[in-house]
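Some notes on the structure that comes next.
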Amino acid sequence: MIFANTKSETHLEFNRFHNSFFDVFFSYLTYLGDGFSALIAFVILLVVKWRFALLVGFSNILSASITQTLKHTLFSDVVRPKKFFEGIHDIYLVPGVDNHLYNSFPSGHSTCAFALYFSIGMIVENKWLKLLCFFLALFVGYSRIYLSQHFFQDVYAGSLIGVVSTVFIYVIINNSNAEWMDRSLRILKRSV
């Protein structure tokens, strides 16, 4: 259904479903896909193991670089839903949300969320935590559509960039036998 419709039809379908609880919920949840969340995870993981911190850090740097380059070069003229539907169709906009107008494709928040939570999902061993990471990334991506900041295609492309970048960085880091990567800031403190 989603891929059979145009981006406008798909967005209008998603835009029909809203309520006051989800307006607030997704307004806050969307922040779990910004660069600050990735930075916090990176700093926390420095205390656990540098290899994990490097995975989160470099996968986010690579994916953000790809996404921002695409947004501001090849796809700089792609408008966001508020601008796209302006004068054509009234869409529901969540009160209090500052809707952007340009640089829609691909979604930066979705890129960051999938890079961050996919990285963490590869690190943790507990299957429930892995599942939680998947749903966090998925909900952040959906929040971008719910808030009419992006179209489904923007979120889908961002998620692919985040996942592929993370796999690429994971292969490089995992194939490195550098012993220093298995250290952490805790180990340094004890040895001083």
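Residue numbers start at 1 in each chain; chains themselves are named A, B, ... in the order of the structure tokens; ligands are numbered from 1 in the order shown.
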Exercise for review: Extract, using only C-alpha atoms, all DNA, RNA and protein residues at most 9 Å from region 106-109 of chain A, discarding same-chain residues fewer than 2 positions from it, and format them as JSON, numbers by chain.
Suggested key: {"A": [30, 31, 32, 33, 34, 35, 63, 64, 67, 68, 70, 71, 75, 103, 104, 111, 112, 113, 114, 140, 141, 144, 149, 150, 151, 153, 154, 155, 156, 157, 158, 159, 161]}
Practice item. Please report, as number ranges by chain, each residue of region 29-191 of chain A to which DSSP assigns alpha helix (DSSP H) when run on this structure's backbone. Key: A: 29, 35-48, 50-72, 81-84, 108-123, 127-146, 152-174, 185-191
Quick one: write out the picked residues with C-alpha atoms as a JSON list (two decimals), in the first residue's frame?
[["chain", "number", "residue", "atom", "x", "y", "z"],
["A", 29, "LEU", "CA", 10.05, 11.38, 21.25],
["A", 35, "GLY", "CA", 22.57, 14.49, 17.22],
["A", 36, "PHE", "CA", 22.56, 15.31, 20.93],
["A", 37, "SER", "CA", 21.16, 11.84, 21.73],
["A", 38, "ALA", "CA", 23.97, 10.25, 19.74],
["A", 39, "LEU", "CA", 26.52, 12.41, 21.55],
["A", 40, "ILE", "CA", 25.17, 11.35, 24.96],
["A", 41, "ALA", "CA", 25.31, 7.67, 23.95],
["A", 42, "PHE", "CA", 28.88, 8.16, 22.66],
["A", 43, "VAL", "CA", 30.05, 9.70, 25.95],
["A", 44, "ILE", "CA", 28.37, 7.00, 28.04],
["A", 45, "LEU", "CA", 29.89, 4.25, 25.89],
["A", 46, "LEU", "CA", 33.40, 5.71, 26.34],
["A", 47, "VAL", "CA", 33.11, 4.48, 29.93],
["A", 48, "VAL", "CA", 31.99, 1.01, 28.80],
["A", 50, "TRP", "CA", 35.87, 2.47, 23.22],
["A", 51, "ARG", "CA", 34.96, 0.02, 20.46],
["A", 52, "PHE", "CA", 31.26, 0.59, 21.24],
["A", 53, "ALA", "CA", 31.67, 4.36, 21.45],
["A", 54, "LEU", "CA", 33.50, 4.40, 18.11],
["A", 55, "LEU", "CA", 30.72, 2.37, 16.50],
["A", 56, "VAL", "CA", 28.07, 4.85, 17.66],
["A", 57, "GLY", "CA", 30.24, 7.89, 16.93],
["A", 58, "PHE", "CA", 31.49, 6.99, 13.48],
["A", 59, "SER", "CA", 28.22, 5.48, 12.26],
["A", 60, "ASN", "CA", 26.46, 8.73, 13.19],
["A", 61, "ILE", "CA", 29.18, 10.91, 11.66],
["A", 62, "LEU", "CA", 29.16, 8.92, 8.41],
["A", 63, "SER", "CA", 25.38, 8.70, 8.10],
["A", 64, "ALA", "CA", 24.86, 12.37, 9.03],
["A", 65, "SER", "CA", 27.50, 13.42, 6.48],
["A", 66, "ILE", "CA", 25.76, 11.45, 3.73],
["A", 67, "THR", "CA", 22.31, 12.73, 4.67],
["A", 68, "GLN", "CA", 23.30, 16.37, 5.04],
["A", 69, "THR", "CA", 25.24, 16.29, 1.77],
["A", 70, "LEU", "CA", 22.22, 14.86, -0.05],
["A", 71, "LYS", "CA", 19.81, 17.33, 1.61],
["A", 72, "HIS", "CA", 21.87, 20.35, 0.65],
["A", 81, "PRO", "CA", 4.88, 18.47, 3.82],
["A", 82, "LYS", "CA", 3.76, 21.88, 5.15],
["A", 83, "LYS", "CA", 5.21, 23.65, 2.08],
["A", 84, "PHE", "CA", 4.23, 20.85, -0.33],
["A", 108, "GLY", "CA", 18.15, 13.57, 9.32],
["A", 109, "HIS", "CA", 16.38, 12.53, 12.53],
["A", 110, "SER", "CA", 15.54, 9.14, 11.03],
["A", 111, "THR", "CA", 19.13, 8.71, 9.84],
["A", 112, "CYS", "CA", 20.47, 9.50, 13.31],
["A", 113, "ALA", "CA", 17.88, 7.33, 15.09],
["A", 114, "PHE", "CA", 18.57, 4.28, 12.95],
["A", 115, "ALA", "CA", 22.35, 4.74, 13.13],
["A", 116, "LEU", "CA", 22.22, 5.22, 16.90],
["A", 117, "TYR", "CA", 19.74, 2.52, 17.91],
["A", 118, "PHE", "CA", 20.95, 0.01, 15.33],
["A", 119, "SER", "CA", 24.48, 0.50, 16.73],
["A", 120, "ILE", "CA", 23.27, -0.02, 20.28],
["A", 121, "GLY", "CA", 21.23, -3.01, 19.13],
["A", 122, "MET", "CA", 24.41, -4.58, 17.75],
["A", 123, "ILE", "CA", 26.22, -3.96, 21.04],
["A", 127, "LYS", "CA", 17.10, -9.70, 22.75],
["A", 128, "TRP", "CA", 14.51, -7.47, 24.49],
["A", 129, "LEU", "CA", 16.93, -4.54, 24.48],
["A", 130, "LYS", "CA", 17.60, -5.20, 20.80],
["A", 131, "LEU", "CA", 13.85, -5.11, 20.18],
["A", 132, "LEU", "CA", 13.53, -1.91, 22.20],
["A", 133, "CYS", "CA", 16.27, -0.30, 20.07],
["A", 134, "PHE", "CA", 14.42, -1.29, 16.91],
["A", 135, "PHE", "CA", 11.17, 0.21, 18.15],
["A", 136, "LEU", "CA", 12.87, 3.41, 19.33],
["A", 137, "ALA", "CA", 14.31, 3.93, 15.85],
["A", 138, "LEU", "CA", 10.99, 3.05, 14.23],
["A", 139, "PHE", "CA", 9.01, 5.42, 16.47],
["A", 140, "VAL", "CA", 11.45, 8.28, 15.93],
["A", 141, "GLY", "CA", 11.06, 7.77, 12.19],
["A", 142, "TYR", "CA", 7.29, 7.68, 12.51],
["A", 143, "SER", "CA", 7.37, 10.82, 14.66],
["A", 144, "ARG", "CA", 8.82, 12.72, 11.73],
["A", 145, "ILE", "CA", 5.82, 11.74, 9.59],
["A", 146, "TYR", "CA", 3.33, 12.28, 12.41],
["A", 152, "PHE", "CA", 7.44, 8.51, 4.39],
["A", 153, "GLN", "CA", 10.06, 8.33, 1.60],
["A", 154, "ASP", "CA", 12.30, 10.78, 3.50],
["A", 155, "VAL", "CA", 12.13, 8.62, 6.61],
["A", 156, "TYR", "CA", 12.66, 5.39, 4.69],
["A", 157, "ALA", "CA", 15.76, 6.78, 2.92],
["A", 158, "GLY", "CA", 17.12, 8.14, 6.21],
["A", 159, "SER", "CA", 16.65, 4.79, 7.92],
["A", 160, "LEU", "CA", 18.49, 2.98, 5.12],
["A", 161, "ILE", "CA", 21.39, 5.42, 5.28],
["A", 162, "GLY", "CA", 21.58, 4.98, 9.06],
["A", 163, "VAL", "CA", 21.55, 1.17, 8.91],
["A", 164, "VAL", "CA", 23.96, 0.81, 5.97],
["A", 165, "SER", "CA", 26.41, 3.30, 7.51],
["A", 166, "THR", "CA", 26.29, 1.42, 10.80],
["A", 167, "VAL", "CA", 26.94, -1.96, 9.15],
["A", 168, "PHE", "CA", 29.87, -0.45, 7.22],
["A", 169, "ILE", "CA", 31.44, 1.01, 10.37],
["A", 170, "TYR", "CA", 30.70, -2.17, 12.35],
["A", 171, "VAL", "CA", 32.61, -4.30, 9.81],
["A", 172, "ILE", "CA", 35.62, -1.98, 9.95],
["A", 173, "ILE", "CA", 35.68, -1.77, 13.75],
["A", 174, "ASN", "CA", 34.88, -5.44, 14.31],
["A", 185, "LEU", "CA", 37.75, 5.48, 30.48],
["A", 186, "ARG", "CA", 37.24, 3.36, 33.62],
["A", 187, "ILE", "CA", 40.38, 1.33, 32.85],
["A", 188, "LEU", "CA", 42.43, 4.49, 32.29],
["A", 189, "LYS", "CA", 41.36, 5.91, 35.65],
["A", 190, "ARG", "CA", 42.39, 2.76, 37.51],
["A", 191, "SER", "CA", 45.80, 2.54, 35.86]]
Practice item. Just give me the gap between CA of Thr73 (chain A) and CA of Leu12 (chain A) in Å, one decimal is fine. Key: 27.2 Å
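Minimum atom-to-atom distances from A:Trp180, A:Phe85, A:Tyr102, A:Tyr92 to Asp23 (chain A) were compared using only C-alpha atoms, and the lowest value belongs to A:Tyr92.
For Phe22 (chain A), the set of protein, DNA and RNA residues having any atom at most 10 Å away, when counting only C-alpha atoms and skipping those fewer than 4 positions along the same chain, is Phe17, His18, Phe26, Ser27, Tyr28, Leu29, Val94, Ser143, Tyr146 and Leu147 of chain A.
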Deliver the residues from the most recent selection as a file, using C-alpha atoms, as a tab-separated table (two decimals), in the first residue's frame.
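And here's again14.tsv as it stands now:
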chain	number	residue	atom	x	y	z
A	17	PHE	CA	-4.54	9.63	12.48
A	18	HIS	CA	-3.80	11.99	15.34
A	26	PHE	CA	5.76	12.33	19.33
A	27	SER	CA	6.72	15.98	19.91
A	28	TYR	CA	9.11	14.79	22.63
A	29	LEU	CA	10.05	11.38	21.25
A	94	VAL	CA	0.68	19.46	15.65
A	143	SER	CA	7.37	10.82	14.66
A	146	TYR	CA	3.33	12.28	12.41
A	147	LEU	CA	4.68	15.80	13.01
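Proximity ranking of A:Phe105, A:Asp90, A:Lys7, A:Val97 relative to Leu74 (chain A) places A:Phe105 first, based on only C-alpha atoms.
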**Study point:** Selected residue of minimal separation from Glu13 (chain A) among A:Ile91, A:Lys49, A:Phe25, A:Glu86, counting only C-alpha atoms
**Key:** A:Ile91
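Taking CA of Val24 (chain A) and CA of Gly96 (chain A) as endpoints, the distance between them is 9.5 Å.
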